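K.L.:
Take this structure, written in structure tokens, and hold onto it; I'll ask about it next.
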Amino acid sequence: MDSFEKIVQLKREKNAVILAHYYQDPDIQDVADFIGDSLELARAAQRSTADVILFAGVHFMAEGAKILNPTRKVILPDLRAGCSLSDSCPPEKFAEFKRKHPEYFVVSYINCSAAIKAMSDVICTSSNALKIIEKSPKDRPILFAPDRNLGRWVMEKTGREMALWQGSCIVHETFSERKMIDLQTQHPEAEVIAHPECEENILHHAKFIGSTSALLKYVIESPKKSFIVATEAGILHQMRKKAPGKELIPAPPNQNCACNDCPFMKLNTLDKVVRALETGGPEIVVPENVREGAEISLKRMMEWS
Ligand code: 13P
Ligand code: SF4
């Protein structure tokens, strides 16, 4: 029996569902029951009735599933699958900032730990950040954490001043503007599309900016035939499947490396998915006092978007 067959059998035996982010390996995307961006995955986790949710993504995503659906068992194939954005926001430092600046209304990008979510007023993702900021109280200053790139883009689009936590995504900060310009010269017909976690000098070249799902939709619906895609390379798998015949050129990283592959996302493998389903672990555990706090800000996001 190959890994695919084993996974299908184990899912049935354990009444498990596999939720996968677009940045997962193509094999994992192909065996998943649901693929989506961060917001869609949070919604799928919230409505799941499966006994076991296997989250093929990174730790903060699996934690989000547990926060929204605490009676389900949530497992992550590799517990080390973290996120540079989440790591840039240690809870003690965040608590200290809040203590010193209680006047701030805190909007946190979903790419943060449960402890940070519990200290936030509302959560956002890259697909609803503009809406969440527009709904945030007008009479209070906003702290946007932890992604300074997404935060700066949101400020520009909404015209709302915000204090920005200085975190960033190691993958979306890897793109080289100089190489991007060279690539555009070689492919003048190609449109640049980018995720808002990219730096300003890359976003500046983009014809369209959006979450992973929005980028996928844009490629499917656009009459254009060629795109330079500035985000993690895993999304290209669904773009190739859903928009066959379109030319998809990954945006070039600074060095000659595969740095536009997220090293955290790619820790999950098909073998680890099999093992996680067989053993029922590693399991995500969120202390109840933290979960309750994080649930408030996450549910507020769901209501506002
Ligand atoms: P979205 O899924 O909201 O596009 O975010 C991308 C990302 O970096 C997830 O880690
Ligand atoms: Fe975090 Fe960036 Fe990887 Fe997404 S792509 S999980 S933001 S490090």
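Letters for chains follow the order of the structure tokens (A, B, ...), residue numbers begin at 1 for each chain, and ligand numbers begin at 1 in the order shown.
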Contacts of stretch 261-275 of chain A at 10 Å or less, counting only C-alpha atoms, minus same-chain residues fewer than 2 places along, as a ChimeraX atom specification?

P.N.:
/A:3-8,10-11,18,21-29,31,54-59,75-84,169-172,231-234,257-259,277-282

K.L.:
Give me, as CSV, the closest atom pair and its distance (Å, one decimal) for every residue of chain A within a cut-off of 7 Å of ligand 1, counting only C-alpha atoms and all ligand atoms, rows sorted by chain and rising number.

P.N.:
residue,atom,partner,partner_atom_place_in_ligand_line,distance
A:His21,CA,ligand 1,2 (O),6.8
A:Gly36,CA,ligand 1,2 (O),6.9
A:Asp37,CA,ligand 1,2 (O),3.4
A:Ser38,CA,ligand 1,2 (O),3.9
A:Leu39,CA,ligand 1,3 (O),6.2
A:Asn111,CA,ligand 1,10 (O),6.4
A:Thr125,CA,ligand 1,3 (O),5.1
A:Ser126,CA,ligand 1,3 (O),4.4
A:Ser127,CA,ligand 1,3 (O),5.8
A:His195,CA,ligand 1,4 (O),6.9
A:Ser211,CA,ligand 1,4 (O),3.6
A:Thr212,CA,ligand 1,4 (O),3.8
A:Ser213,CA,ligand 1,4 (O),6.3

K.L.:
Those same residues - N, CA, C and O atoms - I'd like them written as a PDB file, in the first residue's frame.

P.N.:
ATOM      1  N   HIS A  21      -2.509  23.982   4.030  1.00  0.00           N
ATOM      2  CA  HIS A  21      -2.250  25.316   3.478  1.00  0.00           C
ATOM      3  C   HIS A  21      -1.609  25.164   2.100  1.00  0.00           C
ATOM      4  O   HIS A  21      -0.973  24.161   1.795  1.00  0.00           O
ATOM      5  N   GLY A  36      -6.573  25.728   1.616  1.00  0.00           N
ATOM      6  CA  GLY A  36      -7.010  27.120   1.639  1.00  0.00           C
ATOM      7  C   GLY A  36      -5.959  28.055   2.170  1.00  0.00           C
ATOM      8  O   GLY A  36      -4.846  27.644   2.531  1.00  0.00           O
ATOM      9  N   ASP A  37      -6.334  29.349   2.222  1.00  0.00           N
ATOM     10  CA  ASP A  37      -5.460  30.332   2.859  1.00  0.00           C
ATOM     11  C   ASP A  37      -5.777  30.329   4.363  1.00  0.00           C
ATOM     12  O   ASP A  37      -6.656  29.583   4.824  1.00  0.00           O
ATOM     13  N   SER A  38      -5.109  31.191   5.106  1.00  0.00           N
ATOM     14  CA  SER A  38      -5.243  31.127   6.567  1.00  0.00           C
ATOM     15  C   SER A  38      -6.687  31.315   7.038  1.00  0.00           C
ATOM     16  O   SER A  38      -7.142  30.628   7.953  1.00  0.00           O
ATOM     17  N   LEU A  39      -7.402  32.255   6.418  1.00  0.00           N
ATOM     18  CA  LEU A  39      -8.780  32.520   6.844  1.00  0.00           C
ATOM     19  C   LEU A  39      -9.686  31.337   6.505  1.00  0.00           C
ATOM     20  O   LEU A  39     -10.474  30.873   7.339  1.00  0.00           O
ATOM     21  N   ASN A 111      -0.692  35.051  12.102  1.00  0.00           N
ATOM     22  CA  ASN A 111       0.627  34.404  12.220  1.00  0.00           C
ATOM     23  C   ASN A 111       1.286  34.800  13.545  1.00  0.00           C
ATOM     24  O   ASN A 111       2.284  35.516  13.592  1.00  0.00           O
ATOM     25  N   THR A 125      -6.232  38.272   8.940  1.00  0.00           N
ATOM     26  CA  THR A 125      -5.382  37.494   8.033  1.00  0.00           C
ATOM     27  C   THR A 125      -5.068  38.413   6.853  1.00  0.00           C
ATOM     28  O   THR A 125      -5.579  39.542   6.783  1.00  0.00           O
ATOM     29  N   SER A 126      -4.303  37.899   5.906  1.00  0.00           N
ATOM     30  CA  SER A 126      -3.961  38.764   4.768  1.00  0.00           C
ATOM     31  C   SER A 126      -5.190  39.019   3.887  1.00  0.00           C
ATOM     32  O   SER A 126      -5.214  39.970   3.127  1.00  0.00           O
ATOM     33  N   SER A 127      -6.219  38.170   4.000  1.00  0.00           N
ATOM     34  CA  SER A 127      -7.381  38.395   3.140  1.00  0.00           C
ATOM     35  C   SER A 127      -8.423  39.324   3.772  1.00  0.00           C
ATOM     36  O   SER A 127      -9.282  39.839   3.059  1.00  0.00           O
ATOM     37  N   HIS A 195       2.192  38.641  -2.589  1.00  0.00           N
ATOM     38  CA  HIS A 195       1.538  38.532  -1.283  1.00  0.00           C
ATOM     39  C   HIS A 195       1.922  39.775  -0.463  1.00  0.00           C
ATOM     40  O   HIS A 195       3.080  40.219  -0.532  1.00  0.00           O
ATOM     41  N   SER A 211      -3.931  37.746  -0.661  1.00  0.00           N
ATOM     42  CA  SER A 211      -3.625  36.509   0.069  1.00  0.00           C
ATOM     43  C   SER A 211      -3.387  35.390  -0.933  1.00  0.00           C
ATOM     44  O   SER A 211      -3.639  35.549  -2.137  1.00  0.00           O
ATOM     45  N   THR A 212      -2.953  34.243  -0.455  1.00  0.00           N
ATOM     46  CA  THR A 212      -2.691  33.125  -1.369  1.00  0.00           C
ATOM     47  C   THR A 212      -3.942  32.765  -2.183  1.00  0.00           C
ATOM     48  O   THR A 212      -3.853  32.569  -3.396  1.00  0.00           O
ATOM     49  N   SER A 213      -5.106  32.717  -1.525  1.00  0.00           N
ATOM     50  CA  SER A 213      -6.339  32.390  -2.263  1.00  0.00           C
ATOM     51  C   SER A 213      -6.672  33.462  -3.292  1.00  0.00           C
ATOM     52  O   SER A 213      -7.125  33.151  -4.404  1.00  0.00           O
TER      53      SER A 213
END

K.L.:
Out of A:Asn201, A:Ala206, A:Glu221, A:Leu183, which residue has the shortest atom-to-atom distance to A:Pro252 when counting only C-alpha atoms?

P.N.:
A:Leu183

K.L.:
Calculate how many Å separate atom CA of A:Val192 from atom CA of A:Val229, rounding to one decimal.

P.N.:
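These two atoms are separated by 6.1 Å.
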
K.L.:
Check the DSSP output for the backbone and give back, as number ranges by chain, the residues of stretch 138-259 of chain A in alpha helix (DSSP H).

P.N.:
A: 148-158, 177-186, 200-203, 212-221, 235-242

K.L.:
Could you pull out the residues in stretch 136-280 of chain A that DSSP calls strand (DSSP E or B) from the backbone, as a list in words?

P.N.:
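DSSP on the backbone gives strand (DSSP E or B) at Ile142, Leu143, Phe144, Ala145, Asp147, Met162, Ala163, Leu164, Gly167, Phe175, Glu191, Val192, Ile193, Ala194, Phe208, Ile209, Ser226, Phe227, Ile228, Val229, Ala230, Glu247, Leu248, Ile249, Pro250 and Pro253 of chain A.
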
K.L.:
Could you take the residues named above and write them with C-alpha atoms, as a PDB file, in the first residue's frame?

P.N.:
ATOM      1  CA  ILE A 142      -3.695  50.884  16.658  1.00  0.00           C
ATOM      2  CA  LEU A 143      -0.788  48.542  17.225  1.00  0.00           C
ATOM      3  CA  PHE A 144      -0.466  46.143  14.279  1.00  0.00           C
ATOM      4  CA  ALA A 145       1.578  43.007  15.063  1.00  0.00           C
ATOM      5  CA  ASP A 147       4.178  41.762  10.328  1.00  0.00           C
ATOM      6  CA  MET A 162      -0.624  52.427  13.019  1.00  0.00           C
ATOM      7  CA  ALA A 163       2.304  51.472  15.219  1.00  0.00           C
ATOM      8  CA  LEU A 164       3.961  48.445  13.605  1.00  0.00           C
ATOM      9  CA  GLY A 167       8.371  41.265  12.607  1.00  0.00           C
ATOM     10  CA  PHE A 175      12.830  38.384  -3.079  1.00  0.00           C
ATOM     11  CA  GLU A 191       2.308  40.497 -14.689  1.00  0.00           C
ATOM     12  CA  VAL A 192       3.831  40.609 -11.207  1.00  0.00           C
ATOM     13  CA  ILE A 193       1.461  39.427  -8.475  1.00  0.00           C
ATOM     14  CA  ALA A 194       2.506  39.448  -4.819  1.00  0.00           C
ATOM     15  CA  PHE A 208      -2.182  42.624  -7.970  1.00  0.00           C
ATOM     16  CA  ILE A 209      -1.585  42.088  -4.224  1.00  0.00           C
ATOM     17  CA  SER A 226       1.893  34.958 -17.836  1.00  0.00           C
ATOM     18  CA  PHE A 227       2.637  35.852 -14.180  1.00  0.00           C
ATOM     19  CA  ILE A 228       5.666  36.447 -11.968  1.00  0.00           C
ATOM     20  CA  VAL A 229       4.498  35.140  -8.594  1.00  0.00           C
ATOM     21  CA  ALA A 230       6.012  36.722  -5.460  1.00  0.00           C
ATOM     22  CA  GLU A 247       2.950  30.620 -17.537  1.00  0.00           C
ATOM     23  CA  LEU A 248       3.918  30.884 -13.849  1.00  0.00           C
ATOM     24  CA  ILE A 249       7.349  32.274 -13.042  1.00  0.00           C
ATOM     25  CA  PRO A 250       8.439  32.203  -9.363  1.00  0.00           C
ATOM     26  CA  PRO A 253      15.157  35.131  -4.363  1.00  0.00           C
TER      27      PRO A 253
END

K.L.:
My list of candidates is A:Leu216, A:Val290, A:Ile284, A:Met61. Which is closest to ligand 2 when distances are computed with only C-alpha atoms and all ligand atoms?

P.N.:
A:Met61

K.L.:
Using only C-alpha atoms and all ligand atoms, pick whichever of A:Arg148, A:Lys66, A:Arg178, A:Arg140 has the shortest atom-to-atom distance to ligand 2.

P.N.:
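So, comparing all the options, the nearest one is A:Arg148.
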